[in-house]
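Coordinates from protein_11.cif are shown below (mmCIF, C-alpha atoms).
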```
data_coords
loop_
_atom_site.label_atom_id
_atom_site.label_comp_id
_atom_site.auth_asym_id
_atom_site.auth_seq_id
_atom_site.Cartn_x
_atom_site.Cartn_y
_atom_site.Cartn_z
CA SER Z 1 0.00 0.00 0.00
CA VAL Z 2 0.97 3.65 -0.25
CA ASP Z 3 1.06 3.92 3.54
CA ASP Z 4 3.59 1.09 3.78
CA ALA Z 5 5.64 2.69 1.02
CA VAL Z 6 5.75 5.96 2.95
CA MET Z 7 6.87 4.10 6.08
CA GLU Z 8 9.66 2.46 4.08
CA ARG Z 9 10.81 5.87 2.83
CA PHE Z 10 11.30 7.01 6.41
CA ARG Z 11 13.13 3.83 7.33
CA ALA Z 12 15.38 4.09 4.28
CA ALA Z 13 16.24 7.65 5.34
CA GLY Z 14 17.65 6.29 8.59
CA PHE Z 15 14.76 6.52 11.02
CA ALA Z 16 14.37 3.47 13.22
CA PRO Z 17 10.95 1.80 13.35
CA ASP Z 18 9.61 2.21 16.86
CA ARG Z 19 7.22 -0.56 17.81
CA ALA Z 20 7.11 0.66 21.40
CA ARG Z 21 5.91 4.08 20.13
CA ASP Z 22 8.35 5.79 22.47
CA LEU Z 23 9.06 8.24 19.69
CA GLY Z 24 12.35 10.09 19.84
CA GLU Z 25 14.24 7.47 21.82
CA ALA Z 26 15.10 5.01 19.04
CA GLY Z 27 17.65 5.45 16.29
CA GLU Z 28 20.54 7.82 15.85
CA ARG Z 29 18.53 10.35 13.82
CA GLY Z 30 15.13 9.70 15.36
CA SER Z 31 12.31 7.21 15.07
CA VAL Z 32 9.15 6.58 13.07
CA ALA Z 33 5.96 4.75 14.05
CA TRP Z 34 2.28 4.43 13.42
CA SER Z 35 0.56 6.88 15.72
CA GLU Z 36 -1.85 5.87 18.45
CA TRP Z 37 -5.42 6.97 17.87
CA THR Z 38 -8.36 6.75 20.22
CA ILE Z 39 -10.33 4.03 18.48
CA SER Z 40 -12.80 1.84 20.35
CA ALA Z 41 -13.03 -1.94 19.98
CA ALA Z 42 -15.99 -1.31 17.68
CA GLY Z 43 -13.85 0.82 15.38
CA ARG Z 44 -15.36 4.17 16.38
CA ARG Z 45 -13.44 7.34 17.11
CA MET Z 46 -13.52 8.17 20.81
CA SER Z 47 -13.88 11.72 22.14
CA SER Z 48 -13.43 13.44 25.46
CA GLY Z 49 -17.19 13.21 25.90
CA SER Z 50 -17.43 9.47 25.26
CA VAL Z 51 -14.35 8.69 27.37
CA PHE Z 52 -14.83 11.00 30.36
CA VAL Z 53 -18.45 12.16 30.41
CA ASP Z 54 -20.50 9.14 29.32
CA PRO Z 55 -19.24 6.81 32.09
CA VAL Z 56 -20.19 9.27 34.86
CA LYS Z 57 -23.17 11.22 33.52
CA GLY Z 58 -25.58 9.07 35.52
CA LEU Z 59 -23.91 9.75 38.86
CA PRO Z 60 -25.82 11.90 41.35
CA ASN Z 61 -22.88 14.24 41.94
CA PHE Z 62 -22.33 15.03 38.25
CA THR Z 63 -24.14 17.69 36.21
CA LEU Z 64 -23.42 18.55 32.59
CA ARG Z 65 -24.57 22.07 31.80
CA THR Z 66 -24.85 22.77 28.08
CA HIS Z 67 -25.50 26.07 26.30
CA ALA Z 68 -23.38 27.72 28.99
CA LYS Z 69 -20.47 29.97 28.06
CA VAL Z 70 -18.25 30.82 31.03
CA THR Z 71 -17.29 34.50 30.96
CA ARG Z 72 -15.25 34.91 34.15
CA VAL Z 73 -14.15 33.33 37.40
CA ARG Z 74 -15.66 34.93 40.50
CA PHE Z 75 -13.26 35.78 43.32
CA GLU Z 76 -13.72 36.70 46.96
CA GLY Z 77 -10.65 37.72 48.94
CA GLY Z 78 -8.36 36.40 46.26
CA ARG Z 79 -9.99 32.96 46.26
CA ALA Z 80 -12.06 31.52 43.41
CA VAL Z 81 -15.62 30.88 44.64
CA GLY Z 82 -17.41 30.11 41.40
CA VAL Z 83 -17.95 31.28 37.83
CA ALA Z 84 -20.26 33.52 35.85
CA TYR Z 85 -21.63 32.18 32.61
CA THR Z 86 -24.03 33.21 29.88
CA ASP Z 87 -26.97 31.01 28.96
CA THR Z 88 -26.54 31.05 25.18
CA THR Z 89 -30.23 30.27 24.59
CA THR Z 90 -31.51 33.29 26.54
CA GLY Z 91 -28.52 35.61 26.89
CA GLU Z 92 -28.98 35.65 30.65
CA GLU Z 93 -25.93 35.86 32.93
CA CYS Z 94 -25.92 33.14 35.58
CA LEU Z 95 -23.78 32.69 38.68
CA LEU Z 96 -22.57 29.30 39.85
CA ASP Z 97 -20.93 28.80 43.25
CA ALA Z 98 -18.15 26.25 43.68
CA ASP Z 99 -15.68 25.10 46.31
CA GLU Z 100 -13.12 24.55 43.57
CA VAL Z 101 -12.81 25.90 40.02
CA ILE Z 102 -10.77 24.08 37.37
CA LEU Z 103 -10.17 25.85 34.06
CA SER Z 104 -9.56 23.53 31.12
CA ALA Z 105 -10.50 25.62 28.10
CA GLY Z 106 -7.21 25.25 26.26
CA ALA Z 107 -4.13 27.45 26.21
CA LEU Z 108 -5.82 30.44 24.57
CA ALA Z 109 -9.30 30.46 26.11
CA THR Z 110 -8.03 29.61 29.60
CA ALA Z 111 -5.68 32.60 29.52
CA GLY Z 112 -8.53 34.74 28.20
CA LEU Z 113 -10.80 33.68 31.06
CA LEU Z 114 -8.17 34.50 33.65
CA LEU Z 115 -7.58 37.91 32.12
CA ALA Z 116 -11.31 38.64 31.98
CA SER Z 117 -11.48 37.62 35.64
CA GLY Z 118 -8.83 40.14 36.72
CA VAL Z 119 -5.84 37.81 36.82
CA GLY Z 120 -3.08 39.13 34.58
CA PRO Z 121 -0.74 42.07 33.95
CA ALA Z 122 -2.04 45.02 35.98
CA VAL Z 123 -1.29 47.61 33.27
CA ASP Z 124 -3.16 45.70 30.57
CA LEU Z 125 -6.17 45.04 32.79
CA ALA Z 126 -6.35 48.69 33.87
CA ALA Z 127 -6.45 49.75 30.22
CA LEU Z 128 -9.47 47.47 29.74
CA GLU Z 129 -11.09 48.66 33.02
CA ILE Z 130 -11.06 45.13 34.43
CA PRO Z 131 -10.77 45.10 38.25
CA LEU Z 132 -7.44 43.62 39.31
CA VAL Z 133 -7.45 40.41 41.37
CA ALA Z 134 -3.81 39.41 40.93
CA ASP Z 135 -0.97 41.02 38.98
CA LEU Z 136 0.47 37.98 37.19
CA PRO Z 137 2.04 37.43 33.73
CA VAL Z 138 -0.96 35.53 32.35
CA GLY Z 139 -0.87 35.27 28.56
CA GLN Z 140 2.81 36.09 28.29
CA GLU Z 141 5.54 33.76 27.03
CA LEU Z 142 3.13 31.81 24.83
CA GLN Z 143 5.00 28.96 23.19
CA THR Z 144 3.43 27.45 20.10
CA ARG Z 145 4.57 26.12 16.76
CA ALA Z 146 3.72 26.42 13.11
CA LYS Z 147 3.59 23.70 10.50
CA VAL Z 148 3.98 23.56 6.75
CA GLY Z 149 2.73 20.82 4.47
CA VAL Z 150 4.32 19.08 1.49
CA LEU Z 151 1.71 17.30 -0.65
CA HIS Z 152 2.76 14.38 -2.82
CA THR Z 153 0.56 12.17 -5.01
CA PHE Z 154 1.30 8.45 -5.31
CA HIS Z 155 -0.19 5.93 -7.71
CA GLY Z 156 -1.66 3.20 -5.55
CA GLU Z 157 -4.15 2.51 -2.81
CA SER Z 158 -4.03 3.63 0.79
CA VAL Z 159 -4.77 1.16 3.57
CA ARG Z 160 -7.31 3.62 4.92
CA PRO Z 161 -10.95 2.51 4.86
CA LYS Z 162 -13.02 3.95 2.05
CA GLY Z 163 -15.83 5.03 4.36
CA ALA Z 164 -15.51 8.20 6.41
CA ILE Z 165 -17.47 10.06 9.03
CA GLU Z 166 -19.92 12.51 7.48
CA PHE Z 167 -19.77 16.12 8.65
CA PRO Z 168 -22.08 19.07 7.97
CA ALA Z 169 -21.02 21.67 5.47
CA PHE Z 170 -18.60 24.40 6.48
CA PRO Z 171 -20.77 27.56 6.58
CA ALA Z 172 -17.99 29.72 5.14
CA MET Z 173 -17.27 27.31 2.30
CA GLY Z 174 -20.79 26.22 1.43
CA LYS Z 175 -19.71 22.67 0.70
CA PRO Z 176 -19.25 19.42 2.62
CA ALA Z 177 -16.35 19.35 5.05
CA PRO Z 178 -13.38 17.22 4.00
CA THR Z 179 -13.43 13.94 5.89
CA SER Z 180 -10.03 12.62 4.84
CA TYR Z 181 -8.30 13.54 8.06
CA MET Z 182 -10.90 11.90 10.30
CA ARG Z 183 -10.28 8.34 9.12
CA THR Z 184 -9.68 5.71 11.75
CA GLN Z 185 -6.39 4.50 10.26
CA PRO Z 186 -3.40 5.82 12.25
CA ASN Z 187 -1.02 8.30 10.67
CA ILE Z 188 2.75 7.90 10.41
CA TRP Z 189 4.79 10.01 12.82
CA ALA Z 190 8.52 10.61 12.80
CA MET Z 191 10.36 12.35 15.63
CA ILE Z 192 13.67 13.64 14.30
CA ARG Z 193 16.85 15.17 15.60
CA SER Z 194 17.81 17.88 13.13
CA PRO Z 195 21.38 19.19 12.81
CA LEU Z 196 20.23 22.19 14.86
CA ALA Z 197 19.22 20.09 17.88
CA ASP Z 198 21.22 20.72 21.02
CA ALA Z 199 23.94 18.14 21.60
CA GLU Z 200 22.96 17.76 25.23
CA GLY Z 201 19.83 18.07 27.30
CA PRO Z 202 16.20 17.41 26.36
CA ASP Z 203 16.53 19.14 22.99
CA ALA Z 204 18.74 16.27 21.83
CA ILE Z 205 15.74 13.93 21.91
CA ALA Z 206 13.92 15.50 18.93
CA ASP Z 207 13.35 19.02 17.66
CA LEU Z 208 11.44 18.18 14.48
CA VAL Z 209 8.27 16.21 13.83
CA ILE Z 210 6.97 15.03 10.46
CA TRP Z 211 3.64 13.26 10.26
CA ALA Z 212 2.15 11.85 7.09
CA ASN Z 213 -1.52 11.23 6.41
CA SER Z 214 -3.04 9.98 3.19
CA ASN Z 215 -6.36 10.69 1.53
CA THR Z 216 -8.13 10.05 -1.75
CA ASP Z 217 -10.17 13.25 -1.92
CA GLU Z 218 -10.90 14.24 -5.52
CA THR Z 219 -9.44 17.72 -5.01
CA THR Z 220 -6.00 16.22 -4.38
CA CYS Z 221 -6.40 13.00 -6.39
CA PRO Z 222 -8.12 13.90 -9.70
CA GLU Z 223 -7.17 10.60 -11.36
CA PRO Z 224 -8.45 7.14 -10.36
CA GLY Z 225 -5.98 5.03 -8.38
CA GLN Z 226 -4.19 7.99 -6.83
CA THR Z 227 -3.50 8.60 -3.16
CA ALA Z 228 -2.28 11.95 -1.89
CA VAL Z 229 0.00 12.04 1.13
CA ALA Z 230 0.43 15.24 3.13
CA PHE Z 231 3.78 15.44 4.92
CA ASN Z 232 3.31 17.93 7.76
CA VAL Z 233 6.54 19.50 9.01
CA SER Z 234 6.80 21.29 12.36
CA ALA Z 235 9.56 22.42 14.71
CA MET Z 236 8.98 20.89 18.13
CA LEU Z 237 10.98 23.30 20.26
CA PRO Z 238 10.38 26.84 18.98
CA LYS Z 239 12.37 29.56 20.71
CA SER Z 240 10.10 32.48 19.76
CA ARG Z 241 7.36 33.53 22.16
CA GLY Z 242 3.92 34.98 21.57
CA SER Z 243 1.10 36.30 23.73
CA VAL Z 244 -2.58 36.08 24.59
CA THR Z 245 -4.30 39.37 25.44
CA LEU Z 246 -7.79 40.85 25.47
CA ALA Z 247 -9.34 43.62 23.40
CA PRO Z 248 -12.80 45.24 23.43
CA ASP Z 249 -15.27 43.27 21.33
CA GLY Z 250 -17.46 46.26 20.48
CA SER Z 251 -20.42 45.09 22.57
CA GLY Z 252 -19.15 45.88 26.05
CA GLY Z 253 -17.23 42.64 26.44
CA HIS Z 254 -13.81 41.40 25.45
CA ARG Z 255 -12.32 39.11 22.84
CA VAL Z 256 -9.17 37.05 22.99
CA VAL Z 257 -6.30 38.29 20.82
CA TRP Z 258 -3.74 35.63 19.93
CA ARG Z 259 -0.33 36.73 18.69
CA PRO Z 260 1.59 33.49 18.03
CA ASN Z 261 4.72 35.27 16.77
CA PHE Z 262 5.63 32.24 14.68
CA LEU Z 263 9.21 31.93 13.43
CA ALA Z 264 10.29 35.24 14.98
CA ASP Z 265 13.79 34.16 15.95
CA GLY Z 266 14.69 32.15 12.82
CA HIS Z 267 15.45 28.93 14.67
CA ALA Z 268 12.11 27.22 13.96
CA SER Z 269 12.16 28.25 10.30
CA ALA Z 270 15.64 26.74 9.92
CA VAL Z 271 14.50 23.47 11.50
CA MET Z 272 11.40 23.36 9.30
CA SER Z 273 13.45 24.12 6.18
CA TYR Z 274 15.60 21.11 7.04
CA GLY Z 275 12.42 19.02 7.41
CA ILE Z 276 11.05 20.14 4.05
CA LYS Z 277 14.32 19.26 2.33
CA LEU Z 278 14.29 15.88 4.07
CA VAL Z 279 10.81 15.13 2.75
CA ARG Z 280 11.76 16.20 -0.77
CA ASP Z 281 14.85 14.01 -0.68
CA MET Z 282 12.73 11.03 0.42
CA LEU Z 283 10.37 11.62 -2.49
CA ALA Z 284 13.06 12.35 -5.08
CA SER Z 285 12.86 8.87 -6.63
CA ASP Z 286 9.24 9.41 -7.72
#
```
Taking this structure as input, can you express it in the form of structure tokens?
Amino acid sequence: SVDDAVMERFRAAGFAPDRARDLGEAGERGSVAWSEWTISAAGRRMSSGSVFVDPVKGLPNFTLRTHAKVTRVRFEGGRAVGVAYTDTTTGEECLLDADEVILSAGALATAGLLLASGVGPAVDLAALEIPLVADLPVGQELQTRAKVGVLHTFHGESVRPKGAIEFPAFPAMGKPAPTSYMRTQPNIWAMIRSPLADAEGPDAIADLVIWANSNTDETTCPEPGQTAVAFNVSAMLPKSRGSVTLAPDGSGGHRVVWRPNFLADGHASAVMSYGIKLVRDMLASD
């Protein structure tokens, strides 16, 4: 299959197959393996809801509140005592008391919630007229990474199943959402030590990741019998730093402003350039 051929390209380039999936520990240059995906015994994709919520939703001490958008954490004397949220069906603001508040809204939204709650840089919050709870560097030193894709078309079949999960149309595109990347077949991941990796310390493990996923969508495979493989290249240890801040949203509230500051210091772009050249060299025989 095409997927096996791609795996062989990585192995021929010097990346050790890693059956233990402890990526980055095997091989002198790095390692390559089929990625682990959350697939049930019945072959269905698992989600955070099916894994964490479904098993406990019948318990008497568990409540799942939908149509509720948390807008801020409520503090008393510097201690979190609950949250405020908007009922998205009515627009009403509701208050919920709690002995403990755990924020798990992701790197960007969690920082935004803390800032909207008065936890963040005092100067920035004062400019937004948000009462200060704690002067802390929330939203600063954001570390994230960019990726770039190299698309290559092979003649042959992928081992991926032909069926795919159906999704509603993207409103902005007016057409069905692509389902190629939601297949249940694992992707191929390679964790690589580039020439720019530090000789010592944790950076020596791997500073570059390349993952390959195949699809047979007609936009990338116009001819029968073709399979397109996207090689996604990303620097794992970027040195540039970005930020998460707030800005007025025009309706009396605030919106999260994300400044990723990708590739600002040149290190990540050099690592990714090496990865792109590596992919092209692997594909040069086609």
Mind checking which residues fall within 9 Å of range 103-118 of chain Z, counting only C-alpha atoms, ignoring those fewer than 5 positions away in the same chain, and posting them as a ChimeraX atom specification? /Z:70-75,125,130-135,138-139,142,244-246,254-258
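Picture a line from CA of Arg11 in chain Z to CA of Pro238 in chain Z; it runs 25.9 Å.
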Pull the neighbourhood of (7.3, 37.5, 27.4) for me: all residues within 12 Å in file coordinates, counting only C-alpha atoms, as number ranges by chain. Z: 121, 136-143, 239-245, 259-261
Answer key for the PyMOL selection byres ((chain Z and resi 227-237) around 7), residues as a VMD selection string: chain Z and resid 145 to 158 207 to 216 220 to 221 225 to 226 238 to 239 268 271 to 272 275 to 276
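Taking all atoms listed in the file into account, Pro17 in chain Z lies nearest to Z:Ile188 out of the set Z:Ala122, Z:Ala127, Z:Ile188, Z:Lys57.
Pairwise distance (CA of Asp124 in chain Z, CA of Glu76 in chain Z) equals 21.5 Å.
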Going by the chain IDs and residue numbers used in this file, which residues fall under the PyMOL selection byres ((chain Z and resi 90-92) around 12)? Write them as a PyMOL selection string. chain Z and resi 67-71+84-89+93-95
What gap, in Å, lies between CA of Phe10 in chain Z and CA of Leu196 in chain Z?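 A separation of 19.5 Å between them.
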Go through Z:Tyr274, Z:Arg44, Z:Val56, Z:Leu263 and flag the residue nearest Arg193 in chain Z, using only C-alpha atoms for the distances. Z:Tyr274
Specify as number ranges by chain each residue included when the PyMOL selection byres ((chain Z and resi 82) around 7) is applied to this file. Z: 73-74, 80-81, 83, 96-98, 101
